[in-house]
>>> print(open('final38.tsv').read())   # TSV, C-alpha atoms
chain	number	residue	atom	x	y	z
C	1	MET	CA	-25.62	4.98	19.89
C	2	ASP	CA	-22.44	3.75	18.21
C	3	GLU	CA	-19.35	5.86	18.70
C	4	VAL	CA	-17.67	7.47	15.71
C	5	GLU	CA	-14.10	6.23	15.30
C	6	VAL	CA	-11.70	8.18	13.12
C	7	VAL	CA	-9.75	5.49	11.27
C	8	VAL	CA	-7.57	7.85	9.25
C	9	ALA	CA	-7.85	11.52	8.37
C	10	HIS	CA	-5.72	13.98	6.43
C	11	SER	CA	-6.19	16.80	3.94
C	12	GLU	CA	-7.05	14.47	1.03
C	13	ARG	CA	-9.64	12.18	2.62
C	14	ALA	CA	-10.96	10.70	5.84
C	15	THR	CA	-12.38	7.36	6.91
C	16	LEU	CA	-14.76	7.01	9.84
C	17	ARG	CA	-16.23	3.89	11.43
C	18	VAL	CA	-19.71	3.89	12.92
C	19	GLY	CA	-20.58	0.45	14.24
C	20	GLY	CA	-20.40	-1.96	11.33
C	21	VAL	CA	-20.16	0.75	8.66
C	22	PHE	CA	-17.12	2.57	7.28
C	23	LEU	CA	-17.74	6.04	5.85
C	24	LYS	CA	-15.08	7.23	3.41
C	25	VAL	CA	-15.13	10.95	2.71
C	26	ASP	CA	-13.21	11.94	-0.42
C	27	ALA	CA	-13.70	15.17	-2.36
C	28	ASP	CA	-12.10	13.54	-5.43
C	29	ARG	CA	-15.09	11.85	-7.04
C	30	ALA	CA	-12.93	10.21	-9.72
C	31	ARG	CA	-10.94	8.47	-7.00
C	32	VAL	CA	-14.12	7.13	-5.40
C	33	ASP	CA	-15.41	5.98	-8.78
C	34	ALA	CA	-12.11	4.19	-9.40
C	35	GLU	CA	-12.31	2.45	-6.02
C	36	VAL	CA	-15.84	1.17	-6.60
C	37	GLU	CA	-14.95	-0.04	-10.10
C	38	ALA	CA	-11.81	-1.82	-8.85
C	39	MET	CA	-13.76	-3.62	-6.12
C	40	SER	CA	-16.33	-4.77	-8.67
C	41	ARG	CA	-13.56	-6.24	-10.85
C	42	ALA	CA	-11.37	-7.75	-8.14
C	43	PRO	CA	-11.48	-11.57	-7.84
C	44	VAL	CA	-10.79	-11.40	-4.09
C	45	PRO	CA	-13.21	-10.54	-1.23
C	46	THR	CA	-13.91	-6.81	-0.88
C	47	PRO	CA	-16.26	-4.75	1.34
C	48	GLU	CA	-19.92	-4.52	0.35
C	49	VAL	CA	-20.85	-1.08	-0.97
C	50	LEU	CA	-23.89	-0.02	1.09
C	51	TRP	CA	-24.52	3.35	-0.56
C	52	ARG	CA	-22.85	6.29	-2.27
C	53	GLU	CA	-23.66	9.96	-1.79
C	54	PRO	CA	-20.68	12.00	-3.01
C	55	PRO	CA	-18.37	12.78	-1.35
C	56	VAL	CA	-19.25	9.85	0.97
C	57	LEU	CA	-18.91	6.13	0.25
C	58	ALA	CA	-20.44	3.74	2.81
C	59	LEU	CA	-18.91	0.27	3.10
C	60	ALA	CA	-19.78	-2.69	5.31
C	61	ALA	CA	-17.13	-3.71	7.83
C	62	LEU	CA	-15.25	-6.92	7.10
C	63	PRO	CA	-15.09	-9.89	9.48
C	64	GLY	CA	-11.79	-10.81	11.08
C	65	THR	CA	-8.77	-8.68	11.88
C	66	THR	CA	-5.80	-7.28	9.99
C	67	LEU	CA	-2.37	-8.90	9.99
C	68	GLY	CA	-0.93	-5.87	11.76
C	69	ARG	CA	0.30	-2.43	10.81
C	70	LEU	CA	3.53	-0.72	9.86
C	71	GLY	CA	5.50	0.00	13.01
C	72	GLY	CA	3.56	-2.54	15.06
C	73	PRO	CA	3.87	-6.26	15.65
C	74	SER	CA	2.73	-8.56	12.88
C	75	THR	CA	0.06	-11.06	13.82
C	76	GLY	CA	-1.35	-14.17	12.26
C	77	SER	CA	0.12	-17.59	11.59
C	78	PRO	CA	2.47	-18.40	8.72
C	79	ALA	CA	-0.55	-20.04	7.05
C	80	ALA	CA	-2.49	-16.76	7.30
C	81	TRP	CA	0.35	-14.87	5.63
C	82	ALA	CA	0.55	-17.56	2.95
C	83	ALA	CA	-3.21	-17.23	2.40
C	84	ALA	CA	-2.71	-13.50	1.91
C	85	GLY	CA	0.03	-14.27	-0.61
C	86	ALA	CA	-2.31	-16.61	-2.49
C	87	ALA	CA	-5.03	-13.92	-2.57
C	88	ILE	CA	-2.54	-11.37	-3.92
C	89	ARG	CA	-1.51	-13.82	-6.65
C	90	GLU	CA	-5.18	-14.32	-7.56
C	91	LEU	CA	-5.55	-10.56	-7.90
C	92	HIS	CA	-2.40	-10.21	-10.00
C	93	ASP	CA	-3.45	-13.04	-12.33
C	94	ALA	CA	-6.85	-11.44	-13.04
C	95	PRO	CA	-7.40	-9.34	-16.19
C	96	PRO	CA	-5.99	-5.88	-15.41
C	97	PRO	CA	-8.35	-2.87	-15.36
C	98	PRO	CA	-8.11	-0.37	-18.23
C	99	ARG	CA	-6.78	2.45	-16.04
C	100	SER	CA	-3.24	2.72	-14.71
C	101	GLY	CA	-2.95	2.61	-10.93
C	102	ARG	CA	-0.50	3.86	-8.32
C	103	ALA	CA	1.76	0.89	-9.10
C	104	GLY	CA	1.67	1.67	-12.82
C	105	ARG	CA	3.83	4.78	-13.04
C	106	SER	CA	6.52	4.63	-15.71
C	107	ALA	CA	10.18	4.20	-14.80
C	108	ASP	CA	10.97	7.67	-16.17
C	109	ALA	CA	8.23	9.32	-14.13
C	110	LEU	CA	9.24	7.45	-10.99
C	111	ALA	CA	12.92	8.29	-11.41
C	112	ALA	CA	12.13	11.98	-11.86
C	113	GLU	CA	9.83	12.00	-8.82
C	114	LEU	CA	12.38	10.11	-6.74
C	115	ASP	CA	15.26	12.41	-7.68
C	116	ALA	CA	13.21	15.48	-6.75
C	117	GLU	CA	12.08	13.91	-3.47
C	118	CYS	CA	15.60	12.82	-2.50
C	119	ALA	CA	16.85	16.36	-3.05
C	120	LEU	CA	14.10	17.78	-0.81
C	121	LEU	CA	14.74	15.21	1.93
C	122	VAL	CA	18.37	16.33	2.15
C	123	THR	CA	17.79	20.06	1.58
C	124	ASN	CA	15.08	20.19	4.25
C	125	GLY	CA	17.20	18.23	6.71
C	126	LEU	CA	14.73	15.40	7.08
C	127	LEU	CA	17.25	12.63	6.33
C	128	PRO	CA	21.06	12.48	6.11
C	129	ALA	CA	22.52	12.52	2.60
C	130	ASP	CA	24.32	9.17	2.92
C	131	LEU	CA	21.10	7.38	3.92
C	132	VAL	CA	19.23	8.92	1.00
C	133	THR	CA	22.02	8.18	-1.49
C	134	ARG	CA	22.33	4.55	-0.41
C	135	ASN	CA	18.59	3.90	-0.71
C	136	ARG	CA	18.33	5.82	-3.99
C	137	ARG	CA	20.92	3.44	-5.41
C	138	ILE	CA	19.04	0.37	-4.13
C	139	ALA	CA	15.79	1.75	-5.59
C	140	GLU	CA	17.15	1.68	-9.12
C	141	ALA	CA	16.42	-2.05	-9.40
C	142	ALA	CA	12.70	-1.19	-9.55
C	143	PHE	CA	13.21	0.71	-12.80
C	144	ARG	CA	12.84	-2.18	-15.25
C	145	PRO	CA	10.23	-3.54	-17.68
C	146	TRP	CA	7.27	-5.32	-16.10
C	147	THR	CA	4.11	-7.03	-17.32
C	148	PRO	CA	0.97	-5.08	-16.32
C	149	ALA	CA	-1.02	-6.80	-13.58
C	150	PHE	CA	-4.18	-6.03	-11.64
C	151	THR	CA	-2.63	-4.20	-8.69
C	152	HIS	CA	-4.16	-2.83	-5.50
C	153	GLY	CA	-1.71	0.06	-5.34
C	154	ASP	CA	-1.78	0.58	-1.55
C	155	LEU	CA	-1.63	-2.95	-0.18
C	156	GLN	CA	-0.57	-2.20	3.38
C	157	ILE	CA	-1.04	-5.07	5.84
C	158	ALA	CA	-3.67	-2.93	7.59
C	159	HIS	CA	-5.79	-3.26	4.44
C	160	VAL	CA	-5.93	-7.09	4.46
C	161	PHE	CA	-8.36	-8.85	6.82
C	162	VAL	CA	-8.12	-12.48	7.88
C	163	ASP	CA	-10.16	-14.79	10.07
C	164	GLY	CA	-7.91	-17.61	11.20
C	165	ASP	CA	-6.06	-18.69	8.08
C	166	GLU	CA	-8.65	-17.31	5.62
C	167	VAL	CA	-8.58	-13.93	3.90
C	168	THR	CA	-11.96	-12.29	4.49
C	169	GLY	CA	-11.40	-9.11	2.51
C	170	ILE	CA	-9.15	-6.35	1.23
C	171	ILE	CA	-10.04	-2.67	1.65
C	172	ASP	CA	-9.00	0.74	0.24
C	173	TRP	CA	-8.91	0.28	-3.55
C	174	SER	CA	-8.64	3.93	-4.60
C	175	GLU	CA	-5.10	3.45	-6.01
C	176	ALA	CA	-5.90	0.22	-7.89
C	177	GLY	CA	-5.25	-0.34	-11.58
C	178	ARG	CA	-2.70	-1.71	-14.02
C	179	GLY	CA	0.74	-1.84	-12.49
C	180	ASP	CA	3.83	-3.65	-11.29
C	181	ALA	CA	2.85	-6.70	-9.23
C	182	LEU	CA	6.03	-6.50	-7.14
C	183	TYR	CA	5.01	-3.05	-5.91
C	184	ASP	CA	2.05	-4.69	-4.13
C	185	LEU	CA	4.20	-7.43	-2.61
C	186	ALA	CA	6.74	-4.89	-1.37
C	187	THR	CA	4.04	-2.65	0.10
C	188	PHE	CA	2.44	-5.61	1.87
C	189	THR	CA	5.72	-6.70	3.50
C	190	LEU	CA	7.15	-3.21	4.15
C	191	GLY	CA	8.56	-3.21	7.68
C	192	HIS	CA	7.78	-6.90	8.07
C	193	GLU	CA	10.32	-8.48	5.77
C	194	GLU	CA	10.56	-11.49	8.10
C	195	ARG	CA	7.13	-12.47	6.74
C	196	LEU	CA	8.16	-12.35	3.08
C	197	ASP	CA	8.92	-16.08	2.86
C	198	ASP	CA	5.47	-16.91	4.26
C	199	VAL	CA	3.80	-14.58	1.75
C	200	LEU	CA	5.77	-16.07	-1.15
C	201	ALA	CA	4.86	-19.59	-0.03
C	202	GLY	CA	1.28	-18.67	-0.97
C	203	TYR	CA	2.08	-16.32	-3.84
C	204	GLY	CA	4.33	-18.69	-5.76
C	205	THR	CA	7.31	-18.20	-8.02
C	206	GLY	CA	8.47	-15.48	-10.39
C	207	VAL	CA	9.48	-12.93	-7.75
C	208	ASP	CA	12.74	-10.98	-7.99
C	209	LEU	CA	13.80	-10.29	-4.40
C	210	ASP	CA	16.13	-7.46	-5.45
C	211	VAL	CA	13.13	-5.65	-6.93
C	212	ILE	CA	11.12	-6.19	-3.72
C	213	ARG	CA	14.00	-4.62	-1.76
C	214	ALA	CA	14.19	-1.80	-4.28
C	215	TRP	CA	10.50	-1.01	-3.79
C	216	TRP	CA	10.98	-1.00	0.01
C	217	SER	CA	13.57	1.75	-0.41
C	218	LEU	CA	11.71	3.61	-3.16
C	219	ARG	CA	8.32	3.64	-1.43
C	220	SER	CA	9.89	4.75	1.86
C	221	LEU	CA	11.86	7.59	0.26
C	222	LEU	CA	8.75	8.88	-1.49
C	223	ALA	CA	6.62	8.64	1.67
C	224	VAL	CA	8.69	10.33	4.39
C	225	ARG	CA	8.06	14.00	3.60
C	226	TRP	CA	4.35	13.46	2.79
C	227	LEU	CA	3.84	11.64	6.08
C	228	VAL	CA	5.55	14.38	8.09
C	229	GLU	CA	3.51	17.10	6.36
C	230	HIS	CA	0.23	15.25	7.01
C	231	GLY	CA	0.77	14.59	10.71
C	232	PHE	CA	2.13	11.04	10.62
C	233	ASP	CA	5.45	9.84	12.04
C	234	PRO	CA	7.72	7.95	9.63
C	235	PHE	CA	10.45	8.08	12.31
C	236	ALA	CA	8.47	5.84	14.69
C	237	PRO	CA	10.09	2.45	15.42
C	238	GLY	CA	9.61	0.01	12.55
C	239	CYS	CA	8.30	2.64	10.14
C	240	GLU	CA	9.69	4.11	6.92
C	241	VAL	CA	12.89	5.64	8.28
C	242	ASP	CA	13.81	2.39	10.04
C	243	VAL	CA	13.17	0.56	6.77
C	244	LEU	CA	15.63	2.89	5.05
C	245	ARG	CA	18.21	2.45	7.83
C	246	SER	CA	17.98	-1.33	7.52
C	247	ARG	CA	19.09	-1.28	3.87
C	248	THR	CA	22.78	-2.04	3.32
>>> encode(input="final38.tsv", output="structure tokens")
Amino acid sequence: MDEVEVVVAHSERATLRVGGVFLKVDADRARVDAEVEAMSRAPVPTPEVLWREPPVLALAALPGTTLGRLGGPSTGSPAAWAAAGAAIRELHDAPPPPRSGRAGRSADALAAELDAECALLVTNGLLPADLVTRNRRIAEAAFRPWTPAFTHGDLQIAHVFVDGDEVTGIIDWSEAGRGDALYDLATFTLGHEERLDDVLAGYGTGVDLDVIRAWWSLRSLLAVRWLVEHGFDPFAPGCEVDVLRSRT
């Protein structure tokens, strides 16, 4: 009998792997519906939906391996990272879905959320005030007009599978929708900025590096407290807090 592997689990959802099948358990049916719709629209490889029985979504495992994870070593050749960049560009150039995704929050909403989160990080003693203030200032470059694109919304490197130099699939589409394309690029290279040039070699032109850096700071500031409260460690080497410390 295949063993059950807990891929990720927290109070909002859990993902289990049983052999060649991933079982996603999510009590938010609208989020599951959004994920299935996004995968059906995406022009890039996605997992096959095997069956749905709310609150469970069963997906076939993808061939290949991921390019790494936040806090761990990055793997894959420069050509593999460039192939990922090309796949991300293909996604961003596709007609955007009707719904707004995680990357589609307005500048006003983001600024309000960020200000509240920065205050809590300092008040609760999670991060020193100077580190928060410096990264809050860097994050402001993300608050600018952008053209809506088809965004994944949670494009961590652990969600992109490659086999050699070919992208075999992208998983976890529950945050997908209309949004800022540079949010995806920043999420994908978070903690692995040395790979950004390889990714952009495949993605192409039209990328504002100051905005990418802004999203690194912004995403990390918004994530730290949530990660701590859900049993993850943003203070681990190479993770969100190190990303914030690396900003000058």
>>> atom_distance(input="final38.tsv", atom1="atom CA of Pro237 of chain C", atom2="atom CA of His192 of chain C")
12.1 Å
>>> closest_residue(input="final38.tsv", among="C:Asp210, C:Glu193, C:Asp33, C:Glu5", to="Arg52 of chain C", atoms="all atoms listed in the file")
C:Asp33
>>> closest_residue(input="final38.tsv", among="C:Ala83, C:Ala149, C:Ala58, C:Leu126", to="Ser100 of chain C", atoms="only C-alpha atoms")
C:Ala149
>>> closest_residue(input="final38.tsv", among="C:Asp28, C:Glu53, C:Asp163, C:Asp197", to="Thr75 of chain C", atoms="all atoms listed in the file")
C:Asp163
>>> atom_distance(input="final38.tsv", atom1="atom CA of Ala30 of chain C", atom2="atom CA of Leu155 of chain C")
19.8 Å
>>> closest_residue(input="final38.tsv", among="C:Ser77, C:Thr248, C:Thr189, C:Thr205", to="Gln156 of chain C", atoms="only C-alpha atoms")
C:Thr189
>>> residues_around(input="final38.tsv", residues="Ala60 of chain C", least_positions_apart="2", cutoff="6 Å", atoms="all atoms listed in the file", output="PyMOL selection string")
chain C and resi 21+47-48
>>> atom_distance(input="final38.tsv", atom1="atom CA of Leu121 of chain C", atom2="atom CA of Gly231 of chain C")
16.5 Å
>>> closest_residue(input="final38.tsv", among="C:Val4, C:Pro43, C:Ile138, C:Phe22", to="Gly169 of chain C", atoms="all atoms listed in the file")
C:Pro43
>>> residues_near_point(input="final38.tsv", point="(-6.0, -5.0, -10.9)", cutoff="10 Å", atoms="all atoms listed in the file", output="PyMOL selection string")
chain C and resi 38-39+41-43+90-101+103+148-153+173+175-181
>>> write_last_selection(input="final38.tsv", atoms="C-alpha atoms", output="PDB file, in the frame of the given file")
ATOM      1  CA  ALA C  38     -11.810  -1.820  -8.850  1.00  0.00           C
ATOM      2  CA  MET C  39     -13.760  -3.620  -6.120  1.00  0.00           C
ATOM      3  CA  ARG C  41     -13.560  -6.240 -10.850  1.00  0.00           C
ATOM      4  CA  ALA C  42     -11.370  -7.750  -8.140  1.00  0.00           C
ATOM      5  CA  PRO C  43     -11.480 -11.570  -7.840  1.00  0.00           C
ATOM      6  CA  GLU C  90      -5.180 -14.320  -7.560  1.00  0.00           C
ATOM      7  CA  LEU C  91      -5.550 -10.560  -7.900  1.00  0.00           C
ATOM      8  CA  HIS C  92      -2.400 -10.210 -10.000  1.00  0.00           C
ATOM      9  CA  ASP C  93      -3.450 -13.040 -12.330  1.00  0.00           C
ATOM     10  CA  ALA C  94      -6.850 -11.440 -13.040  1.00  0.00           C
ATOM     11  CA  PRO C  95      -7.400  -9.340 -16.190  1.00  0.00           C
ATOM     12  CA  PRO C  96      -5.990  -5.880 -15.410  1.00  0.00           C
ATOM     13  CA  PRO C  97      -8.350  -2.870 -15.360  1.00  0.00           C
ATOM     14  CA  PRO C  98      -8.110  -0.370 -18.230  1.00  0.00           C
ATOM     15  CA  ARG C  99      -6.780   2.450 -16.040  1.00  0.00           C
ATOM     16  CA  SER C 100      -3.240   2.720 -14.710  1.00  0.00           C
ATOM     17  CA  GLY C 101      -2.950   2.610 -10.930  1.00  0.00           C
ATOM     18  CA  ALA C 103       1.760   0.890  -9.100  1.00  0.00           C
ATOM     19  CA  PRO C 148       0.970  -5.080 -16.320  1.00  0.00           C
ATOM     20  CA  ALA C 149      -1.020  -6.800 -13.580  1.00  0.00           C
ATOM     21  CA  PHE C 150      -4.180  -6.030 -11.640  1.00  0.00           C
ATOM     22  CA  THR C 151      -2.630  -4.200  -8.690  1.00  0.00           C
ATOM     23  CA  HIS C 152      -4.160  -2.830  -5.500  1.00  0.00           C
ATOM     24  CA  GLY C 153      -1.710   0.060  -5.340  1.00  0.00           C
ATOM     25  CA  TRP C 173      -8.910   0.280  -3.550  1.00  0.00           C
ATOM     26  CA  GLU C 175      -5.100   3.450  -6.010  1.00  0.00           C
ATOM     27  CA  ALA C 176      -5.900   0.220  -7.890  1.00  0.00           C
ATOM     28  CA  GLY C 177      -5.250  -0.340 -11.580  1.00  0.00           C
ATOM     29  CA  ARG C 178      -2.700  -1.710 -14.020  1.00  0.00           C
ATOM     30  CA  GLY C 179       0.740  -1.840 -12.490  1.00  0.00           C
ATOM     31  CA  ASP C 180       3.830  -3.650 -11.290  1.00  0.00           C
ATOM     32  CA  ALA C 181       2.850  -6.700  -9.230  1.00  0.00           C
TER      33      ALA C 181
END
>>> residues_near_point(input="final38.tsv", point="(2.7, -13.1, 3.4)", cutoff="9 Å", atoms="only C-alpha atoms", output="ChimeraX atom specification")
/C:78-86,185,188-189,195-203
>>> closest_residue(input="final38.tsv", among="C:Val207, C:Val36, C:Leu244, C:Leu23", to="Thr133 of chain C", atoms="only C-alpha atoms")
C:Leu244
>>> axis_aligned_box(input="final38.tsv", around="segment 153-156 of chain C", padding_each_side="4 Å", output="AutoDock Vina command-line options")
--center_x -1.2 --center_y -1.2 --center_z -1.0 --size_x 9.2 --size_y 11.5 --size_z 16.7
>>> residues_around(input="final38.tsv", residues="Leu227 of chain C", least_positions_apart="6", cutoff="12 Å", atoms="all atoms listed in the file", output="ChimeraX atom specification")
/C:9-11,126,219-221,233-236,239-241
>>> build_atoms(input="final38.tsv", residues="segment 31-42 of chain C", atoms="all heavy atoms", output="mmCIF file, in the frame of the given file")
data_model
loop_
_atom_site.group_PDB
_atom_site.id
_atom_site.type_symbol
_atom_site.label_atom_id
_atom_site.label_comp_id
_atom_site.auth_asym_id
_atom_site.auth_seq_id
_atom_site.Cartn_x
_atom_site.Cartn_y
_atom_site.Cartn_z
ATOM 1 N N ARG C 31 -11.632 9.464 -7.814
ATOM 2 C CA ARG C 31 -10.940 8.470 -7.000
ATOM 3 C C ARG C 31 -11.934 7.485 -6.385
ATOM 4 O O ARG C 31 -11.678 6.285 -6.321
ATOM 5 C CB ARG C 31 -10.112 9.167 -5.924
ATOM 6 C CG ARG C 31 -9.171 8.258 -5.151
ATOM 7 C CD ARG C 31 -8.059 9.039 -4.505
ATOM 8 N NE ARG C 31 -8.534 10.182 -3.730
ATOM 9 C CZ ARG C 31 -7.785 11.237 -3.432
ATOM 10 N NH1 ARG C 31 -6.542 11.305 -3.847
ATOM 11 N NH2 ARG C 31 -8.278 12.234 -2.713
ATOM 12 N N VAL C 32 -13.087 8.004 -5.947
ATOM 13 C CA VAL C 32 -14.120 7.130 -5.400
ATOM 14 C C VAL C 32 -14.675 6.221 -6.491
ATOM 15 O O VAL C 32 -14.893 5.016 -6.279
ATOM 16 C CB VAL C 32 -15.250 7.956 -4.755
ATOM 17 C CG1 VAL C 32 -16.376 7.043 -4.276
ATOM 18 C CG2 VAL C 32 -14.709 8.778 -3.593
ATOM 19 N N ASP C 33 -14.913 6.786 -7.662
ATOM 20 C CA ASP C 33 -15.410 5.980 -8.780
ATOM 21 C C ASP C 33 -14.427 4.854 -9.114
ATOM 22 O O ASP C 33 -14.829 3.709 -9.364
ATOM 23 C CB ASP C 33 -15.612 6.852 -10.026
ATOM 24 C CG ASP C 33 -16.767 7.825 -9.877
ATOM 25 O OD1 ASP C 33 -17.611 7.616 -8.984
ATOM 26 O OD2 ASP C 33 -16.825 8.791 -10.666
ATOM 27 N N ALA C 34 -13.128 5.187 -9.099
ATOM 28 C CA ALA C 34 -12.110 4.190 -9.400
ATOM 29 C C ALA C 34 -12.101 3.086 -8.351
ATOM 30 O O ALA C 34 -11.922 1.899 -8.671
ATOM 31 C CB ALA C 34 -10.740 4.853 -9.489
ATOM 32 N N GLU C 35 -12.299 3.454 -7.093
ATOM 33 C CA GLU C 35 -12.310 2.450 -6.020
ATOM 34 C C GLU C 35 -13.478 1.489 -6.181
ATOM 35 O O GLU C 35 -13.322 0.266 -6.080
ATOM 36 C CB GLU C 35 -12.379 3.140 -4.655
ATOM 37 C CG GLU C 35 -12.491 2.153 -3.508
ATOM 38 C CD GLU C 35 -12.152 2.751 -2.164
ATOM 39 O OE1 GLU C 35 -12.070 3.987 -2.054
ATOM 40 O OE2 GLU C 35 -11.962 1.970 -1.214
ATOM 41 N N VAL C 36 -14.661 2.026 -6.452
ATOM 42 C CA VAL C 36 -15.840 1.170 -6.600
ATOM 43 C C VAL C 36 -15.681 0.248 -7.809
ATOM 44 O O VAL C 36 -16.002 -0.948 -7.762
ATOM 45 C CB VAL C 36 -17.108 2.026 -6.719
ATOM 46 C CG1 VAL C 36 -18.319 1.159 -7.066
ATOM 47 C CG2 VAL C 36 -17.356 2.781 -5.415
ATOM 48 N N GLU C 37 -15.152 0.786 -8.907
ATOM 49 C CA GLU C 37 -14.950 -0.040 -10.100
ATOM 50 C C GLU C 37 -13.943 -1.154 -9.827
ATOM 51 O O GLU C 37 -14.142 -2.304 -10.223
ATOM 52 C CB GLU C 37 -14.459 0.810 -11.272
ATOM 53 C CG GLU C 37 -14.229 -0.023 -12.525
ATOM 54 C CD GLU C 37 -13.588 0.765 -13.656
ATOM 55 O OE1 GLU C 37 -13.281 1.951 -13.464
ATOM 56 O OE2 GLU C 37 -13.401 0.191 -14.740
ATOM 57 N N ALA C 38 -12.839 -0.818 -9.143
ATOM 58 C CA ALA C 38 -11.810 -1.820 -8.850
ATOM 59 C C ALA C 38 -12.378 -2.939 -7.985
ATOM 60 O O ALA C 38 -12.102 -4.123 -8.228
ATOM 61 C CB ALA C 38 -10.623 -1.166 -8.174
ATOM 62 N N MET C 39 -13.177 -2.592 -6.983
ATOM 63 C CA MET C 39 -13.760 -3.620 -6.120
ATOM 64 C C MET C 39 -14.696 -4.525 -6.902
ATOM 65 O O MET C 39 -14.789 -5.730 -6.640
ATOM 66 C CB MET C 39 -14.485 -2.976 -4.937
ATOM 67 C CG MET C 39 -13.548 -2.364 -3.920
ATOM 68 S SD MET C 39 -14.364 -1.917 -2.358
ATOM 69 C CE MET C 39 -15.447 -0.601 -2.905
ATOM 70 N N SER C 40 -15.404 -3.952 -7.877
ATOM 71 C CA SER C 40 -16.330 -4.770 -8.670
ATOM 72 C C SER C 40 -15.589 -5.734 -9.585
ATOM 73 O O SER C 40 -16.114 -6.792 -9.951
ATOM 74 C CB SER C 40 -17.240 -3.866 -9.510
ATOM 75 O OG SER C 40 -16.522 -3.239 -10.573
ATOM 76 N N ARG C 41 -14.352 -5.401 -9.961
ATOM 77 C CA ARG C 41 -13.560 -6.240 -10.850
ATOM 78 C C ARG C 41 -12.688 -7.252 -10.101
ATOM 79 O O ARG C 41 -12.302 -8.272 -10.662
ATOM 80 C CB ARG C 41 -12.630 -5.367 -11.716
ATOM 81 C CG ARG C 41 -13.323 -4.514 -12.754
ATOM 82 C CD ARG C 41 -12.311 -3.605 -13.446
ATOM 83 N NE ARG C 41 -12.885 -2.827 -14.531
ATOM 84 C CZ ARG C 41 -12.925 -3.216 -15.793
ATOM 85 N NH1 ARG C 41 -12.405 -4.377 -16.138
ATOM 86 N NH2 ARG C 41 -13.462 -2.447 -16.724
ATOM 87 N N ALA C 42 -12.345 -6.944 -8.863
ATOM 88 C CA ALA C 42 -11.370 -7.750 -8.140
ATOM 89 C C ALA C 42 -11.902 -9.162 -7.876
ATOM 90 O O ALA C 42 -13.065 -9.327 -7.476
ATOM 91 C CB ALA C 42 -11.005 -7.081 -6.823
#
